[in-house]
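First the structure, in the form of structure tokens, and then the observations on it.
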Amino acid sequence: MAKVTRDSLPRGAELLKDHVFDPMTEMAAALSGNVESEQLQCSRSTFRLNFSVPYISAKFFWANPGGWFYIPFCLPPLQEHWFSTTSVNSEYPTPVLHEVGFSFDQRSEPCLPADRYAKKAFDAALTSPEANYVSNIYEGNAVYERAGNVDIKLAIFEKSQHYFSAQAAGTGTGWSAVKAPGAENEVFSATIPAAEISAKSSRNNPACYPGLSIPCSPKKTYMFAINADELVDPESTSLEHTALVSVNISLKFSIPLVVRDSSSAGAPDNLQNVPLASYGARTNETISIVAPSAGDVVSADAAKGVSAELEKIDSRLRHKIYGGYQDFSSTYVGQHIKDDAGYEVIAVPLFNNTAFGEILARPCWVRMRDSQTTEQYNDRIAIPITSPMTIHHVLVTNNYLTATPYDSARGTPMYTFPPAATKVRYQVGVGVVAGQAADNVDYAQVAYAEILADSATSTGLVDFMDMGNLASIVKDQYRPQRWEQAIFAVPLVRGSVGGNGYVTQGRPFFVGEAAENGLDTVARAEVGNPASAGADIASPAGGLEQFIEVRMSIRPQSSVFNGSNVWQSNYLDWANFSGYGGSWVYIIGKKHMRT
Amino acid sequence: MTTYTHKKSLRHITDEQFSEKTTVDGSRIDRALAESVDHVNNIPAGDVLSRYTETKFVFGYRPNRDYDACEVSTGGLAATQTHYYAHHFPWMQIANNSYLTLGTTQDAQNPYVVKTVGLNDKPGYGYGVSNVGLVPRSVGGGAPNDWPEDWALWAAASTTQGTVDFTTSHGPLNGYQYAYTNSWNFNNPAIIDDLMISLAVDGEFSIGARPPVAGMYSKFEDPSGVYGTDTVGVVLMVDNHFSQELREDSEIEVAANRYDLRGFKYTYAAMTGIADMAPAILDGGAVMGQRKSVVMRWRDLNIPLHANARVRLSITLPWTKSGTAPGGLTWETGGAEVLTAPFFYSSPRGCMTVLEELEP
């Protein structure tokens with residue numbers, strides 16, 4: 001329902017009950033569960049992309065002078081707003097970037113921490129991957145004089161998205177080389193000058209840049225980028241290289257509130273895993289205005305009186321209105337707000353602090369793999385469920401950034417490059433798990449993909465980009481990688497009802513805690529069967545989920561080292577299994593208003 | 001100057017009130033309806049009870065560790081036979097002093113970066129040590145009892161890296177605690193709702209499980225109770241607005257001092273016959289899940305943050321030493337494992353949930 005409309009009382013005309021009670025009836029109807037976002041003074045929910053990067057070495061900027069350490073992301077439309085053309089429907093909500101936050105650990109001093117390469121020249125011996133397990137006594141020490149030399153440049157770049165506007169991956173060598181597309185636009189830039197991080201007081205760390213108003217297209221890709229070239233100390237007599245440690249980036253957006261997801265008894269599977277007690281549907285409070293009958297006197301205080309009926313509206317607002325879910329995924333007995341959901345992105349880091357910053361086949365794999373028999377390397381993160389959300393999309397980035405540049409001085413020149421086609425699969429899964437301090441532990445799959453990051457036609461590919469970092473190129477050949485980073489879609493499990501998105505996937509998936517004894521939110525709608533797309537099964541987690549768990553596994557398809565740790569020569573020595581900074585999984589969906 | 005506006009009624013949405021036997025005219029009714037409709041069409045934030053949405057700050061990582069001998073001779077370089085942890089970042093010492101400085105030294109602005117919870121010995125920051133075992137601090141008496149002196153002597157030997165490393169048994173007998181500190185700036189007021197810290201064990205060979213030491217996945221699970229840490233310190237601080245850079249003046253919002261990790265085990269029961277998710281993380285063929293992991297959770301915190309709050313979250317896993325073998329940062333080849341810092345024995349991860357108000 002739209003805003004309440006009212007005609008002013010005309011002077012000199014007879015006062016009819018319609019003049020008074022029609023607006024009141026409309027107001028009551030609005031407050032009976034129909035308050036839309038435009039009726040709220042604060043009509044936009046906020047969400048943040050929070051990136052946590054444990055460590056960025058000076059070596060990255062030594063290998064990529066003037067280059068960017070960056071994290072790609074996109075903010076796709078929700079499933080009900082999904083449409084596949086390039087244009088953006090102006091009726092659908094568009095996120096606006098309002099604030100950028102950036103911080104790192106300075107040891108609470110006007111200094112920068114010494115890098116693990118401090119006091120050493122970046123020469124072939126030091127920077128070879130083989131040296132990467134040698135630690136350094138100066139590592140982490142406070143370097144005061146370098147803090148006054150390091151400017152930290154931040155930027156957010158924008159590019160059109162391959163999914164909506166097909167692009168070509170990097171290919172070729174020398175004059176015929178074609179690099180994958182880079183940035184098309186810079187939507188934010190800032191520099192934290194050295195003076196602001198080396199000051200004795202009021203250091204700009206954690207920094208915050210509020211007051212922005214940058215609309216972000218749901219159909220474009222963005223890259224948050226960092227450059228800190230001066231982490232490298234060029235002075236050969238000091239070599240006080242420094243590092244960025246515990247970097248946290250927080251991008252705060254706002255977007256209009258939308259109506260929350262729900263299904264119904266007749267079609268419960270339209271929202272996977274939703275509590276059957278409510279199907280997510282709102283139960284509205286009914287506020288009834290009783291107007292006088294024809295011929296009745298319009299009174300003040302009595303029933304059907306102006307004051308008495310207006311009091312119903314007044315009382316409701318005085319006692320406050322509400323929407324969203326209560327504890328344990330229960331709905332309000334009577335709610336007032338229709339648009340009670342907001343856009344949400346949970347950014348989850350994986351492989352983000354590996355020993356070498358990246359995972360190269362021969363130097364790293366034998367030390368890292370989780371099993372000699374089934375060669376794989378896993379990472380995962382559990383996220384506590386604090387209030388319900390519905391998951392609409394899951395995305396994962398594929399990273400081939402490198403701080404290990406081409407080395408022509410070797411007997412055989414060495415270069416870092418993505419694995420050859422079909423050589424590595426990336427398994428990505430999102431699930432919910434019941435079990436902390438409980439008798440039973442069970443997972444329910446929410447999304448899963450096995451990704452081959454091979455070409456522009458790879459299944460699930462959303463976008464890719466190459467910002468032209470120096471180490472990404474095989475210099476003597478001028479040979480670009482297929483891309484530096486890419487984004488892939490991870491489909492939600494699909495039951496009998498299909499959803500919308502970059503790939504064929506299921507309907508939105510409800511995630512929330514549950515309780516029995518009156519709330520009865522344990523019983524859930526069926527979920528898609530991960531073993532048989534299109535089939536429904538009862539949720540293995542049984543509606544008892546406490547955590548969202550995100551897992552990722554790197555699975556070489558040929559033996560890298562055998563069980564005796566002997567190199568098998570099935571890969572380039574420096575085949576890049578996971579690039580500098582690792583991957584990000586984005587869980588995108590709706591969160592809800594709460595107290 | 002702020003002016004006082006007299007409200008003639010107790011009404012919330014309009015000042016007009018109508019009662020029997022009092023005057024009434026069309027203008028008053030019109031005004032009452034206009035004010036009410038305007039109010040309902042633009043409901044103030046204060047009239048909305050559920051005016052918050054939550055945001056999750058996910059952080060953490062899985063540490064790297066090699067568990068077996070390796071041969072990595074490539075390109076004509078000599079094979080490396082000594083294996084180390086690559087680095088200890090993002091963990092850094094909680095102390096600042098001349099011994100922990102590279103280049104020109106300065107008087108430390110903050111001798112300790114984590115306030116109180118007994119992680120250090122400076123007055124004002126809280127006394128004591130949050131763990132069993134020897135005190136990792138300067139105790140005087142010269143090397144090797146005094147940690148800074150010992151380190152200085154060793155550093156004077158000009159060995160900057162390699163097989164003799166300060167973090168191994170060749171190094172000092174004591175070391176400072178290390179902290180993993182994340183910070184954020186909240187321009188608008190917000191509320192911290194939930195904090196979770198997990199120390200996860202991720203698989204069969206992943207952490208501290210080199211065969212034949214299988215079974216000792218983490219410090220806090222060492223059945224002998226000898227090695228490493230069994231407690232954690234978590235401090236969430238907000239900078240004092242008038243002395244932002246002095247940790248001593250920071251306001252402490254969450255403090256977990258010497259929390260016994262054994263009280264926060266996720267589950268140690270064998271995960272047999274459970275429904276797992278993909279991709280599987282296996283432990284000798286069985287489901288690993290979060291078995292043997294620790295998950296600490298502080299719910300419904302309801303901690304308000306003022307505008308421009310600068311929040312710092314520090315996690316400290318104190319280390320102990322066993323006999324004469326100190327906790328080191330490395331792994332050595334060719335024999336028994338050199339005990340390492342406790343933060344290499346599990347994956348430190350966490351999530352802070354913050355509530356923020358709807359915005360215009």
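Residue numbering restarts at 1 for every chain of the structure tokens, chains are lettered A, B, ... in their displayed order, and ligands are numbered from 1 as they appear.
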Test item, strand (DSSP E) assignment across region 466-528 of chain A, answer as a PDB file with C-alpha atoms, in the first residue's frame:
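So the final result, stored in part26.pdb, reads:
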```pdb
ATOM      1  CA  GLN A 485      40.968 -12.695 -10.301  1.00  0.00           C
ATOM      2  CA  ALA A 486      37.521 -13.975 -11.127  1.00  0.00           C
ATOM      3  CA  ILE A 487      34.145 -14.439  -9.470  1.00  0.00           C
ATOM      4  CA  PHE A 488      32.157 -17.670  -9.758  1.00  0.00           C
ATOM      5  CA  ALA A 489      28.611 -18.449  -8.708  1.00  0.00           C
ATOM      6  CA  PHE A 509      17.327 -20.849   1.725  1.00  0.00           C
ATOM      7  CA  PHE A 510      16.134 -19.831   5.183  1.00  0.00           C
ATOM      8  CA  VAL A 511      18.717 -19.954   7.980  1.00  0.00           C
ATOM      9  CA  VAL A 527      15.414 -28.477   1.098  1.00  0.00           C
ATOM     10  CA  GLY A 528      17.000 -29.415  -2.171  1.00  0.00           C
TER      11      GLY A 528
END
```
Task: Exercise: region 434-449 of chain A partners within 7 Å, only C-alpha atoms, chain neighbours under 2 positions left out, as number ranges by chain - done: A: 427-432, 451, 490-493, 509, 530, 539-541, 544-547; B: 266-267, 274-277
Expected file: the selected residues, N, CA and C atoms, as a PDB file, in the first residue's frame:
```
ATOM      1  N   GLN A 427      36.561 -26.839  -4.863  1.00  0.00           N
ATOM      2  CA  GLN A 427      35.272 -27.219  -4.307  1.00  0.00           C
ATOM      3  C   GLN A 427      34.873 -26.202  -3.243  1.00  0.00           C
ATOM      4  N   VAL A 428      33.692 -25.678  -3.389  1.00  0.00           N
ATOM      5  CA  VAL A 428      33.209 -24.647  -2.467  1.00  0.00           C
ATOM      6  C   VAL A 428      31.852 -25.077  -1.937  1.00  0.00           C
ATOM      7  N   GLY A 429      31.701 -25.044  -0.644  1.00  0.00           N
ATOM      8  CA  GLY A 429      30.426 -25.436  -0.059  1.00  0.00           C
ATOM      9  C   GLY A 429      30.013 -24.500   1.056  1.00  0.00           C
ATOM     10  N   VAL A 430      28.712 -24.278   1.153  1.00  0.00           N
ATOM     11  CA  VAL A 430      28.137 -23.557   2.292  1.00  0.00           C
ATOM     12  C   VAL A 430      27.099 -24.477   2.908  1.00  0.00           C
ATOM     13  N   GLY A 431      27.132 -24.584   4.217  1.00  0.00           N
ATOM     14  CA  GLY A 431      26.163 -25.424   4.896  1.00  0.00           C
ATOM     15  C   GLY A 431      25.731 -24.788   6.199  1.00  0.00           C
ATOM     16  N   VAL A 432      24.727 -25.381   6.803  1.00  0.00           N
ATOM     17  CA  VAL A 432      24.359 -24.981   8.166  1.00  0.00           C
ATOM     18  C   VAL A 432      24.542 -26.204   9.036  1.00  0.00           C
ATOM     19  N   ILE A 451      34.449 -26.072  -9.122  1.00  0.00           N
ATOM     20  CA  ILE A 451      34.755 -25.070 -10.140  1.00  0.00           C
ATOM     21  C   ILE A 451      36.032 -25.416 -10.884  1.00  0.00           C
ATOM     22  N   VAL A 490      28.136 -20.002  -6.947  1.00  0.00           N
ATOM     23  CA  VAL A 490      27.995 -21.312  -6.302  1.00  0.00           C
ATOM     24  C   VAL A 490      26.497 -21.556  -6.137  1.00  0.00           C
ATOM     25  N   PRO A 491      25.913 -22.471  -6.890  1.00  0.00           N
ATOM     26  CA  PRO A 491      24.449 -22.591  -6.863  1.00  0.00           C
ATOM     27  C   PRO A 491      23.916 -23.107  -5.534  1.00  0.00           C
ATOM     28  N   LEU A 492      22.762 -22.553  -5.133  1.00  0.00           N
ATOM     29  CA  LEU A 492      22.065 -23.081  -3.975  1.00  0.00           C
ATOM     30  C   LEU A 492      21.517 -24.453  -4.316  1.00  0.00           C
ATOM     31  N   VAL A 493      21.391 -25.306  -3.319  1.00  0.00           N
ATOM     32  CA  VAL A 493      20.783 -26.611  -3.562  1.00  0.00           C
ATOM     33  C   VAL A 493      19.387 -26.391  -4.150  1.00  0.00           C
ATOM     34  N   PHE A 509      17.169 -19.868   0.649  1.00  0.00           N
ATOM     35  CA  PHE A 509      17.327 -20.849   1.725  1.00  0.00           C
ATOM     36  C   PHE A 509      17.268 -20.113   3.054  1.00  0.00           C
ATOM     37  N   PRO A 530      21.191 -32.296  -2.250  1.00  0.00           N
ATOM     38  CA  PRO A 530      22.456 -32.023  -2.937  1.00  0.00           C
ATOM     39  C   PRO A 530      22.908 -33.181  -3.818  1.00  0.00           C
ATOM     40  N   SER A 539      15.498 -31.423   5.803  1.00  0.00           N
ATOM     41  CA  SER A 539      16.804 -30.847   6.133  1.00  0.00           C
ATOM     42  C   SER A 539      17.560 -31.767   7.093  1.00  0.00           C
ATOM     43  N   PRO A 540      18.756 -32.215   6.726  1.00  0.00           N
ATOM     44  CA  PRO A 540      19.520 -33.075   7.643  1.00  0.00           C
ATOM     45  C   PRO A 540      19.847 -32.384   8.966  1.00  0.00           C
ATOM     46  N   ALA A 541      19.901 -31.057   8.960  1.00  0.00           N
ATOM     47  CA  ALA A 541      20.171 -30.341  10.202  1.00  0.00           C
ATOM     48  C   ALA A 541      18.926 -30.275  11.084  1.00  0.00           C
ATOM     49  N   LEU A 544      17.798 -27.258  13.370  1.00  0.00           N
ATOM     50  CA  LEU A 544      18.475 -26.933  14.625  1.00  0.00           C
ATOM     51  C   LEU A 544      19.767 -26.147  14.400  1.00  0.00           C
ATOM     52  N   GLU A 545      19.898 -25.529  13.253  1.00  0.00           N
ATOM     53  CA  GLU A 545      21.186 -24.930  12.915  1.00  0.00           C
ATOM     54  C   GLU A 545      21.581 -23.821  13.882  1.00  0.00           C
ATOM     55  N   GLN A 546      22.882 -23.791  14.157  1.00  0.00           N
ATOM     56  CA  GLN A 546      23.472 -22.765  15.015  1.00  0.00           C
ATOM     57  C   GLN A 546      24.541 -21.958  14.285  1.00  0.00           C
ATOM     58  N   PHE A 547      25.132 -22.578  13.273  1.00  0.00           N
ATOM     59  CA  PHE A 547      26.221 -21.927  12.547  1.00  0.00           C
ATOM     60  C   PHE A 547      26.030 -22.107  11.046  1.00  0.00           C
TER      61      PHE A 547
ATOM     62  N   TYR B 266      33.737 -27.713  21.208  1.00  0.00           N
ATOM     63  CA  TYR B 266      32.564 -27.841  20.344  1.00  0.00           C
ATOM     64  C   TYR B 266      31.944 -29.220  20.544  1.00  0.00           C
ATOM     65  N   THR B 267      32.676 -30.223  20.251  1.00  0.00           N
ATOM     66  CA  THR B 267      32.317 -31.580  20.616  1.00  0.00           C
ATOM     67  C   THR B 267      33.545 -32.436  20.402  1.00  0.00           C
ATOM     68  N   ILE B 274      26.945 -39.101  11.038  1.00  0.00           N
ATOM     69  CA  ILE B 274      26.268 -37.815  10.931  1.00  0.00           C
ATOM     70  C   ILE B 274      26.130 -37.429   9.467  1.00  0.00           C
ATOM     71  N   ALA B 275      25.267 -36.478   9.219  1.00  0.00           N
ATOM     72  CA  ALA B 275      25.152 -35.923   7.869  1.00  0.00           C
ATOM     73  C   ALA B 275      26.198 -34.832   7.741  1.00  0.00           C
ATOM     74  N   ASP B 276      27.109 -34.978   6.795  1.00  0.00           N
ATOM     75  CA  ASP B 276      28.160 -33.994   6.602  1.00  0.00           C
ATOM     76  C   ASP B 276      27.803 -33.134   5.398  1.00  0.00           C
ATOM     77  N   MET B 277      28.524 -32.060   5.230  1.00  0.00           N
ATOM     78  CA  MET B 277      28.365 -31.227   4.046  1.00  0.00           C
ATOM     79  C   MET B 277      29.581 -31.422   3.145  1.00  0.00           C
TER      80      MET B 277
END
```
TODO: Could you give me, as a VMD selection string, each residue of region 241-328 of chain B that DSSP assigns to helix (DSSP H, G or I) when run on this structure's backbone?
DONE: chain B and resid 247 to 249 261 to 264
File dump, residues just selected, C-alpha atoms, as a PDB file, in the first residue's frame:
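See result07.pdb below for the written result:
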```pdb
ATOM      1  CA  ARG B 247      45.763   1.956  25.413  1.00  0.00           C
ATOM      2  CA  GLU B 248      46.036   2.456  29.126  1.00  0.00           C
ATOM      3  CA  ASP B 249      43.076   4.814  28.859  1.00  0.00           C
ATOM      4  CA  LEU B 261      39.507 -23.634  26.741  1.00  0.00           C
ATOM      5  CA  ARG B 262      38.402 -27.030  27.857  1.00  0.00           C
ATOM      6  CA  GLY B 263      35.107 -25.490  28.814  1.00  0.00           C
ATOM      7  CA  PHE B 264      34.345 -24.478  25.259  1.00  0.00           C
TER       8      PHE B 264
END
```
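The spacing separating CA of Ala255 (chain B) from CA of Arg312 (chain B) amounts to 11.9 Å.
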TODO: Have a look at CA of Ser458 (chain A) and CA of Thr171 (chain A) and let me know their distance in Å, one decimal.
DONE: 15.2 Å
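The residue that comes closest to chain A, out of B:Tyr112, B:Glu359, B:Arg299, B:Val354 and on the basis of only C-alpha atoms, is B:Glu359.
Considering only C-alpha atoms, the residue among A:Arg260, A:Arg494, A:Lys591, A:Arg425 positioned nearest to chain B is A:Lys591.
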- [ ] Give me, please, the distance in Å between CA of Asn353 (chain A) and CA of Val53 (chain A), quoted to one decimal.
- [x] 7.7 Å
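Near Trp365 (chain A), within 10 Å and counting only C-alpha atoms, sit Ile359, Leu360, Ala361, Arg362, Met368, Arg369, Asp370, Glu375, Gln376, Tyr377, Val560, Phe561, Asn565, Trp567 and Phe577 of chain A; Asp66 of chain B; same-chain residues fewer than 3 positions away were not included.
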Go ahead and write the selection's residues with C-alpha atoms as a PDB file, in the first residue's frame.
```
ATOM      1  CA  ILE A 359      49.997 -21.495  -2.891  1.00  0.00           C
ATOM      2  CA  LEU A 360      52.492 -22.507  -5.542  1.00  0.00           C
ATOM      3  CA  ALA A 361      52.669 -26.135  -6.600  1.00  0.00           C
ATOM      4  CA  ARG A 362      56.226 -27.241  -6.010  1.00  0.00           C
ATOM      5  CA  MET A 368      50.403 -27.895   2.956  1.00  0.00           C
ATOM      6  CA  ARG A 369      48.290 -30.721   1.666  1.00  0.00           C
ATOM      7  CA  ASP A 370      45.963 -32.208   4.204  1.00  0.00           C
ATOM      8  CA  GLU A 375      45.644 -34.567  -2.290  1.00  0.00           C
ATOM      9  CA  GLN A 376      43.683 -31.600  -1.107  1.00  0.00           C
ATOM     10  CA  TYR A 377      44.005 -28.510   1.011  1.00  0.00           C
ATOM     11  CA  VAL A 560      51.566 -33.103  -7.368  1.00  0.00           C
ATOM     12  CA  PHE A 561      53.811 -35.063  -5.021  1.00  0.00           C
ATOM     13  CA  ASN A 565      56.878 -36.564  -1.336  1.00  0.00           C
ATOM     14  CA  TRP A 567      57.606 -34.167  -7.253  1.00  0.00           C
ATOM     15  CA  PHE A 577      46.826 -22.999  -6.895  1.00  0.00           C
TER      16      PHE A 577
ATOM     17  CA  ASP B  66      54.363 -28.465   7.203  1.00  0.00           C
TER      18      ASP B  66
END
```
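Contact shell of region 288-290 of chain A at 9 Å (only C-alpha atoms; same-chain neighbours under 2 positions omitted): Phe21, Met24, Thr25, Ala28, Ala29, Ser32, Thr286, Pro292, Ser293, Ala303, Lys304, Gly305, Glu309, Leu310, Lys312 and Ile313 of chain A.
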With region 181-193 of chain B as the partner and 10 Å as the cut-off, tabulate the residues of region 49-123 of chain A that qualify, each row holding the nearest pair of atoms and their distance in Å to one decimal, using only C-alpha atoms, sorted by chain and rising number, as a Markdown table.
```
| residue | atom | partner | partner_atom | distance |
| --- | --- | --- | --- | --- |
| A:Asn50 | CA | B:Trp184 | CA | 9.9 |
| A:Ser52 | CA | B:Asn182 | CA | 8.4 |
| A:Val53 | CA | B:Asn182 | CA | 9.8 |
| A:Pro54 | CA | B:Asn182 | CA | 9.0 |
| A:Glu99 | CA | B:Asn187 | CA | 8.4 |
| A:Val100 | CA | B:Asn185 | CA | 9.6 |
| A:Gly101 | CA | B:Asn185 | CA | 6.5 |
| A:Phe102 | CA | B:Trp184 | CA | 7.4 |
| A:Ser103 | CA | B:Ser183 | CA | 6.2 |
| A:Phe104 | CA | B:Ser183 | CA | 6.9 |
| A:Asp105 | CA | B:Thr181 | CA | 6.6 |
| A:Gln106 | CA | B:Thr181 | CA | 9.6 |
| A:Arg107 | CA | B:Thr181 | CA | 8.7 |
```
Could you save those same residues with C-alpha atoms as a PDB file, in the first residue's frame?
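Once everything was written out, this is result-v6.pdb:
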```pdb
ATOM      1  CA  ASN A  50      33.886  -6.523   5.793  1.00  0.00           C
ATOM      2  CA  SER A  52      39.781  -9.142   6.995  1.00  0.00           C
ATOM      3  CA  VAL A  53      43.277  -9.593   5.576  1.00  0.00           C
ATOM      4  CA  PRO A  54      45.766 -10.925   8.127  1.00  0.00           C
ATOM      5  CA  GLU A  99      31.337   4.806   4.098  1.00  0.00           C
ATOM      6  CA  VAL A 100      34.753   3.226   3.696  1.00  0.00           C
ATOM      7  CA  GLY A 101      36.691   2.022   6.716  1.00  0.00           C
ATOM      8  CA  PHE A 102      40.301   0.879   6.738  1.00  0.00           C
ATOM      9  CA  SER A 103      42.542  -0.221   9.574  1.00  0.00           C
ATOM     10  CA  PHE A 104      45.633  -2.229  10.345  1.00  0.00           C
ATOM     11  CA  ASP A 105      47.692  -3.169  13.367  1.00  0.00           C
ATOM     12  CA  GLN A 106      50.397  -0.629  14.173  1.00  0.00           C
ATOM     13  CA  ARG A 107      51.216  -2.105  17.569  1.00  0.00           C
TER      14      ARG A 107
END
```
Task: Distance query region 44-60 of chain B at most 8 Å, only C-alpha atoms, self and fewer than 2 positions along chain excluded, as a ChimeraX atom specification - done: /A:40-42,45-48,50-54,317-324,342,344,346-349,383,591-595 /B:39,42,62,347-358
TODO: For Ser314 (chain B), please output as a VMD selection string all residues within 8 Å (counting only C-alpha atoms; exclusion window: fewer than 2 positions along the same chain).
DONE: chain B and resid 114 179 to 182 234 to 236 312 316
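Closest approach to Arg507 (chain A) among A:Ala308, A:Val462, A:Leu78, A:Ile197: A:Leu78, based on only C-alpha atoms.
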